[in-house]
Amino acid sequence: MNHLDGNALAGAFAETLGFDITAATGRCAGCRRVFELANTRSFVTAMGKVMRCRHCDSVLAVIVSNRQETLVNLSGLSYLTMPRP
Ligand SMILES: [Zn+2]
């Protein structure tokens with residue numbers, strides 16, 4: 001499956017969370033590397049959107065929507081740091 005970079009999910013995060021987290025720096029819970037979320041691999045399918053670590057391929061974030069709600073799972077990230085507005 002072809003992948004995009006993390007910026008491909010910028011709109012989905014902004015729509016769901018109210019801000020774009022791809023400008024943030026995060027730590028992978030799998031390999032513990034720290035990187036900008038724009039520098040990840042993203043997969044967009046009809047079932048949902050997945051962000052994976054470019055280094056160890058762990059799932060960092062998942063966004064899945066149905067008619068009623070959107071689920072956002074960020075459990076693959078130990079933490080996020082974002083620039084203050
Ligand atoms: Zn990793």
# chains A, B, ... in the order shown; residues from 1 in each chain; ligands from 1
>>> residues_near_ligand(ligand="ligand 1", cutoff="10 Å", atoms="only C-alpha atoms and all ligand atoms", output="ChimeraX atom specification")
/A:27-35,40,52-60,76-77
>>> write_last_selection(atoms="C-alpha atoms", output="PDB file, in the first residue's frame")
ATOM      1  CA  ARG A  27       7.898  10.434  20.740  1.00  0.00           C
ATOM      2  CA  CYS A  28       7.154   6.982  19.357  1.00  0.00           C
ATOM      3  CA  ALA A  29       6.039   4.611  22.106  1.00  0.00           C
ATOM      4  CA  GLY A  30       7.620   1.760  20.147  1.00  0.00           C
ATOM      5  CA  CYS A  31      11.197   2.884  19.407  1.00  0.00           C
ATOM      6  CA  ARG A  32      11.225   6.023  21.611  1.00  0.00           C
ATOM      7  CA  ARG A  33      12.594   8.191  18.827  1.00  0.00           C
ATOM      8  CA  VAL A  34      11.476  11.822  18.772  1.00  0.00           C
ATOM      9  CA  PHE A  35      10.505  13.451  15.465  1.00  0.00           C
ATOM     10  CA  THR A  40       5.903  10.006   9.480  1.00  0.00           C
ATOM     11  CA  ARG A  52       3.017   5.081  11.399  1.00  0.00           C
ATOM     12  CA  CYS A  53       6.526   5.633  12.677  1.00  0.00           C
ATOM     13  CA  ARG A  54       9.003   6.005   9.829  1.00  0.00           C
ATOM     14  CA  HIS A  55      11.693   4.248  11.903  1.00  0.00           C
ATOM     15  CA  CYS A  56      10.001   1.179  13.448  1.00  0.00           C
ATOM     16  CA  ASP A  57       6.620   1.080  11.637  1.00  0.00           C
ATOM     17  CA  SER A  58       4.616   1.225  14.908  1.00  0.00           C
ATOM     18  CA  VAL A  59       1.137   2.689  14.657  1.00  0.00           C
ATOM     19  CA  LEU A  60       1.271   6.181  16.167  1.00  0.00           C
ATOM     20  CA  GLY A  76       1.339   5.029  19.885  1.00  0.00           C
ATOM     21  CA  LEU A  77       2.750   8.390  20.947  1.00  0.00           C
TER      22      LEU A  77
END
>>> residues_around(residues="region 4-15 of chain A", least_positions_apart="5", cutoff="8 Å", atoms="only C-alpha atoms", output="number ranges by chain")
A: 20-22, 37-43, 49, 51, 63
>>> write_last_selection(atoms="C-alpha atoms", output="short mmCIF file (atom, residue, chain, number, x, y, z; two decimals), in the first residue's frame")
data_model
loop_
_atom_site.label_atom_id
_atom_site.label_comp_id
_atom_site.auth_asym_id
_atom_site.auth_seq_id
_atom_site.Cartn_x
_atom_site.Cartn_y
_atom_site.Cartn_z
CA ASP A 20 -3.06 20.45 13.30
CA ILE A 21 -0.77 18.14 15.26
CA THR A 22 1.47 17.40 12.29
CA LEU A 37 4.82 14.18 13.04
CA ALA A 38 5.01 15.54 9.51
CA ASN A 39 7.98 13.17 9.15
CA THR A 40 5.90 10.01 9.48
CA ARG A 41 4.15 7.66 7.08
CA SER A 42 0.40 8.04 6.61
CA PHE A 43 -2.10 5.66 5.11
CA LYS A 49 -6.46 7.04 8.55
CA MET A 51 -0.02 7.37 11.00
CA ILE A 63 -8.57 8.27 13.02
#
>>> closest_residue(among="A:His3, A:Gly26, A:Leu17, A:Met47", to="Asn66 (chain A)", atoms="only C-alpha atoms")
A:Met47
>>> select_by_dssp(residues="chain A", states="helix (DSSP H, G or I)", output="ChimeraX atom specification")
/A:6-17,21-23,37-39
>>> write_last_selection(atoms="N, CA and C atoms", output="PDB file, in the first residue's frame")
ATOM      1  N   GLY A   6       3.283  12.533   6.869  1.00  0.00           N
ATOM      2  CA  GLY A   6       2.356  12.895   7.928  1.00  0.00           C
ATOM      3  C   GLY A   6       1.481  14.091   7.607  1.00  0.00           C
ATOM      4  N   ASN A   7       1.944  14.955   6.730  1.00  0.00           N
ATOM      5  CA  ASN A   7       1.153  16.134   6.373  1.00  0.00           C
ATOM      6  C   ASN A   7      -0.179  15.765   5.735  1.00  0.00           C
ATOM      7  N   ALA A   8      -0.279  14.564   5.213  1.00  0.00           N
ATOM      8  CA  ALA A   8      -1.526  14.137   4.579  1.00  0.00           C
ATOM      9  C   ALA A   8      -2.673  14.070   5.584  1.00  0.00           C
ATOM     10  N   LEU A   9      -2.342  13.966   6.875  1.00  0.00           N
ATOM     11  CA  LEU A   9      -3.388  13.888   7.897  1.00  0.00           C
ATOM     12  C   LEU A   9      -3.624  15.221   8.595  1.00  0.00           C
ATOM     13  N   ALA A  10      -2.971  16.272   8.143  1.00  0.00           N
ATOM     14  CA  ALA A  10      -3.103  17.579   8.796  1.00  0.00           C
ATOM     15  C   ALA A  10      -4.561  18.024   8.858  1.00  0.00           C
ATOM     16  N   GLY A  11      -5.268  17.922   7.753  1.00  0.00           N
ATOM     17  CA  GLY A  11      -6.661  18.352   7.718  1.00  0.00           C
ATOM     18  C   GLY A  11      -7.549  17.504   8.613  1.00  0.00           C
ATOM     19  N   ALA A  12      -7.305  16.195   8.632  1.00  0.00           N
ATOM     20  CA  ALA A  12      -8.117  15.298   9.461  1.00  0.00           C
ATOM     21  C   ALA A  12      -7.927  15.609  10.940  1.00  0.00           C
ATOM     22  N   PHE A  13      -6.685  15.862  11.362  1.00  0.00           N
ATOM     23  CA  PHE A  13      -6.445  16.212  12.768  1.00  0.00           C
ATOM     24  C   PHE A  13      -7.044  17.574  13.094  1.00  0.00           C
ATOM     25  N   ALA A  14      -6.896  18.520  12.194  1.00  0.00           N
ATOM     26  CA  ALA A  14      -7.437  19.858  12.439  1.00  0.00           C
ATOM     27  C   ALA A  14      -8.956  19.810  12.549  1.00  0.00           C
ATOM     28  N   GLU A  15      -9.578  19.027  11.703  1.00  0.00           N
ATOM     29  CA  GLU A  15     -11.032  18.907  11.723  1.00  0.00           C
ATOM     30  C   GLU A  15     -11.508  18.211  12.991  1.00  0.00           C
ATOM     31  N   THR A  16     -10.778  17.219  13.444  1.00  0.00           N
ATOM     32  CA  THR A  16     -11.199  16.420  14.584  1.00  0.00           C
ATOM     33  C   THR A  16     -10.828  17.059  15.916  1.00  0.00           C
ATOM     34  N   LEU A  17      -9.583  17.520  16.038  1.00  0.00           N
ATOM     35  CA  LEU A  17      -9.082  18.027  17.315  1.00  0.00           C
ATOM     36  C   LEU A  17      -9.119  19.548  17.407  1.00  0.00           C
ATOM     37  N   ILE A  21      -1.875  18.666  14.445  1.00  0.00           N
ATOM     38  CA  ILE A  21      -0.773  18.137  15.256  1.00  0.00           C
ATOM     39  C   ILE A  21       0.429  17.735  14.415  1.00  0.00           C
ATOM     40  N   THR A  22       0.319  17.817  13.092  1.00  0.00           N
ATOM     41  CA  THR A  22       1.469  17.396  12.289  1.00  0.00           C
ATOM     42  C   THR A  22       2.633  18.372  12.428  1.00  0.00           C
ATOM     43  N   ALA A  23       2.380  19.560  12.952  1.00  0.00           N
ATOM     44  CA  ALA A  23       3.474  20.500  13.227  1.00  0.00           C
ATOM     45  C   ALA A  23       4.134  20.188  14.567  1.00  0.00           C
ATOM     46  N   LEU A  37       5.842  15.100  13.543  1.00  0.00           N
ATOM     47  CA  LEU A  37       4.821  14.179  13.039  1.00  0.00           C
ATOM     48  C   LEU A  37       4.616  14.311  11.535  1.00  0.00           C
ATOM     49  N   ALA A  38       5.050  15.420  10.972  1.00  0.00           N
ATOM     50  CA  ALA A  38       5.015  15.539   9.512  1.00  0.00           C
ATOM     51  C   ALA A  38       5.968  14.541   8.872  1.00  0.00           C
ATOM     52  N   ASN A  39       6.980  14.104   9.649  1.00  0.00           N
ATOM     53  CA  ASN A  39       7.977  13.168   9.147  1.00  0.00           C
ATOM     54  C   ASN A  39       7.615  11.727   9.537  1.00  0.00           C
TER      55      ASN A  39
END
>>> closest_residue(among="A:Gln68, A:Gly18, A:Arg84, A:Leu74", to="Val50 (chain A)", atoms="only C-alpha atoms")
A:Leu74
>>> select_by_dssp(residues="chain A", states="strand (DSSP E or B)", output="JSON, numbers by chain")
{"A": [4, 5, 25, 26, 27, 28, 34, 35, 36, 41, 42, 43, 44, 49, 50, 51, 52, 59, 60, 61, 62, 63, 64, 65, 70, 71, 72, 73, 77, 78, 79, 80, 81]}
>>> write_last_selection(atoms="N, CA and C atoms", output="compact mmCIF listing (two decimals), in the first residue's frame")
# COMPACT_ATOMS: atom_id res chain seq x y z
N LEU A 4 1.73 8.20 2.32
CA LEU A 4 2.00 9.63 2.18
C LEU A 4 2.80 10.05 3.40
N ASP A 5 3.25 11.30 3.45
CA ASP A 5 3.91 11.74 4.67
C ASP A 5 2.85 12.21 5.67
N THR A 25 5.99 17.83 17.60
CA THR A 25 7.02 16.82 17.75
C THR A 25 6.47 15.76 18.69
N GLY A 26 6.69 14.50 18.36
CA GLY A 26 6.17 13.42 19.20
C GLY A 26 7.22 12.36 19.43
N ARG A 27 7.00 11.56 20.48
CA ARG A 27 7.90 10.43 20.74
C ARG A 27 7.15 9.14 20.50
N CYS A 28 7.73 8.29 19.67
CA CYS A 28 7.15 6.98 19.36
C CYS A 28 7.20 6.10 20.61
N VAL A 34 12.23 10.58 18.77
CA VAL A 34 11.48 11.82 18.77
C VAL A 34 11.62 12.46 17.39
N PHE A 35 10.49 12.90 16.82
CA PHE A 35 10.51 13.45 15.47
C PHE A 35 9.26 14.29 15.26
N GLU A 36 9.30 15.12 14.21
CA GLU A 36 8.12 15.88 13.81
C GLU A 36 7.11 14.92 13.21
N ARG A 41 4.80 8.26 8.25
CA ARG A 41 4.15 7.66 7.08
C ARG A 41 2.66 7.58 7.37
N SER A 42 1.85 8.04 6.43
CA SER A 42 0.40 8.04 6.61
C SER A 42 -0.27 7.18 5.56
N PHE A 43 -1.31 6.51 5.99
CA PHE A 43 -2.10 5.66 5.11
C PHE A 43 -3.56 6.10 5.21
N VAL A 44 -4.16 6.40 4.08
CA VAL A 44 -5.54 6.85 4.04
C VAL A 44 -6.34 5.82 3.27
N LYS A 49 -7.78 6.46 8.80
CA LYS A 49 -6.46 7.04 8.55
C LYS A 49 -5.51 6.56 9.62
N VAL A 50 -4.30 6.17 9.21
CA VAL A 50 -3.31 5.64 10.13
C VAL A 50 -1.99 6.37 9.92
N MET A 51 -1.35 6.76 11.02
CA MET A 51 -0.02 7.37 11.00
C MET A 51 0.94 6.36 11.63
N ARG A 52 2.03 6.05 10.91
CA ARG A 52 3.02 5.08 11.40
C ARG A 52 4.39 5.72 11.53
N VAL A 59 2.28 1.81 14.87
CA VAL A 59 1.14 2.69 14.66
C VAL A 59 1.19 3.79 15.71
N LEU A 60 1.22 5.04 15.27
CA LEU A 60 1.27 6.18 16.17
C LEU A 60 -0.11 6.74 16.44
N ALA A 61 -0.93 6.85 15.40
CA ALA A 61 -2.24 7.47 15.54
C ALA A 61 -3.21 6.84 14.54
N VAL A 62 -4.48 6.78 14.95
CA VAL A 62 -5.54 6.25 14.09
C VAL A 62 -6.73 7.19 14.19
N ILE A 63 -7.34 7.49 13.07
CA ILE A 63 -8.57 8.27 13.02
C ILE A 63 -9.61 7.47 12.25
N VAL A 64 -10.73 7.18 12.90
CA VAL A 64 -11.80 6.42 12.27
C VAL A 64 -13.11 7.16 12.53
N SER A 65 -13.90 7.34 11.51
CA SER A 65 -15.17 8.05 11.65
C SER A 65 -16.32 7.21 11.15
N THR A 70 -16.24 10.42 15.67
CA THR A 70 -14.89 10.15 15.20
C THR A 70 -14.06 9.66 16.37
N LEU A 71 -13.34 8.58 16.16
CA LEU A 71 -12.44 8.02 17.16
C LEU A 71 -11.01 8.43 16.80
N VAL A 72 -10.29 8.96 17.77
CA VAL A 72 -8.88 9.31 17.58
C VAL A 72 -8.08 8.54 18.62
N ASN A 73 -7.16 7.71 18.17
CA ASN A 73 -6.29 6.95 19.06
C ASN A 73 -4.87 7.45 18.88
N LEU A 77 1.87 7.26 20.66
CA LEU A 77 2.75 8.39 20.95
C LEU A 77 2.91 8.52 22.46
N SER A 78 4.14 8.51 22.93
CA SER A 78 4.38 8.69 24.37
C SER A 78 3.99 10.10 24.79
N TYR A 79 4.33 11.06 23.95
CA TYR A 79 3.96 12.46 24.21
C TYR A 79 4.04 13.27 22.93
N LEU A 80 3.45 14.45 23.00
CA LEU A 80 3.52 15.44 21.91
C LEU A 80 4.01 16.75 22.49
N THR A 81 4.81 17.47 21.75
CA THR A 81 5.13 18.84 22.12
C THR A 81 4.77 19.71 20.94
>>> decode(residues="region 9-60 of chain A", atoms="C-alpha atoms", output="compact mmCIF listing (two decimals), in the first residue's frame")
# COMPACT_ATOMS: atom_id res chain seq x y z
CA LEU A 9 -3.39 13.89 7.90
CA ALA A 10 -3.10 17.58 8.80
CA GLY A 11 -6.66 18.35 7.72
CA ALA A 12 -8.12 15.30 9.46
CA PHE A 13 -6.44 16.21 12.77
CA ALA A 14 -7.44 19.86 12.44
CA GLU A 15 -11.03 18.91 11.72
CA THR A 16 -11.20 16.42 14.58
CA LEU A 17 -9.08 18.03 17.31
CA GLY A 18 -9.33 21.66 16.31
CA PHE A 19 -5.63 22.01 15.59
CA ASP A 20 -3.06 20.45 13.30
CA ILE A 21 -0.77 18.14 15.26
CA THR A 22 1.47 17.40 12.29
CA ALA A 23 3.47 20.50 13.23
CA ALA A 24 4.09 18.90 16.63
CA THR A 25 7.02 16.82 17.75
CA GLY A 26 6.17 13.42 19.20
CA ARG A 27 7.90 10.43 20.74
CA CYS A 28 7.15 6.98 19.36
CA ALA A 29 6.04 4.61 22.11
CA GLY A 30 7.62 1.76 20.15
CA CYS A 31 11.20 2.88 19.41
CA ARG A 32 11.23 6.02 21.61
CA ARG A 33 12.59 8.19 18.83
CA VAL A 34 11.48 11.82 18.77
CA PHE A 35 10.51 13.45 15.47
CA GLU A 36 8.12 15.88 13.81
CA LEU A 37 4.82 14.18 13.04
CA ALA A 38 5.01 15.54 9.51
CA ASN A 39 7.98 13.17 9.15
CA THR A 40 5.90 10.01 9.48
CA ARG A 41 4.15 7.66 7.08
CA SER A 42 0.40 8.04 6.61
CA PHE A 43 -2.10 5.66 5.11
CA VAL A 44 -5.54 6.85 4.04
CA THR A 45 -8.16 4.20 3.31
CA ALA A 46 -11.93 4.05 3.20
CA MET A 47 -11.85 2.50 6.69
CA GLY A 48 -9.76 5.21 8.31
CA LYS A 49 -6.46 7.04 8.55
CA VAL A 50 -3.31 5.64 10.13
CA MET A 51 -0.02 7.37 11.00
CA ARG A 52 3.02 5.08 11.40
CA CYS A 53 6.53 5.63 12.68
CA ARG A 54 9.00 6.00 9.83
CA HIS A 55 11.69 4.25 11.90
CA CYS A 56 10.00 1.18 13.45
CA ASP A 57 6.62 1.08 11.64
CA SER A 58 4.62 1.22 14.91
CA VAL A 59 1.14 2.69 14.66
CA LEU A 60 1.27 6.18 16.17
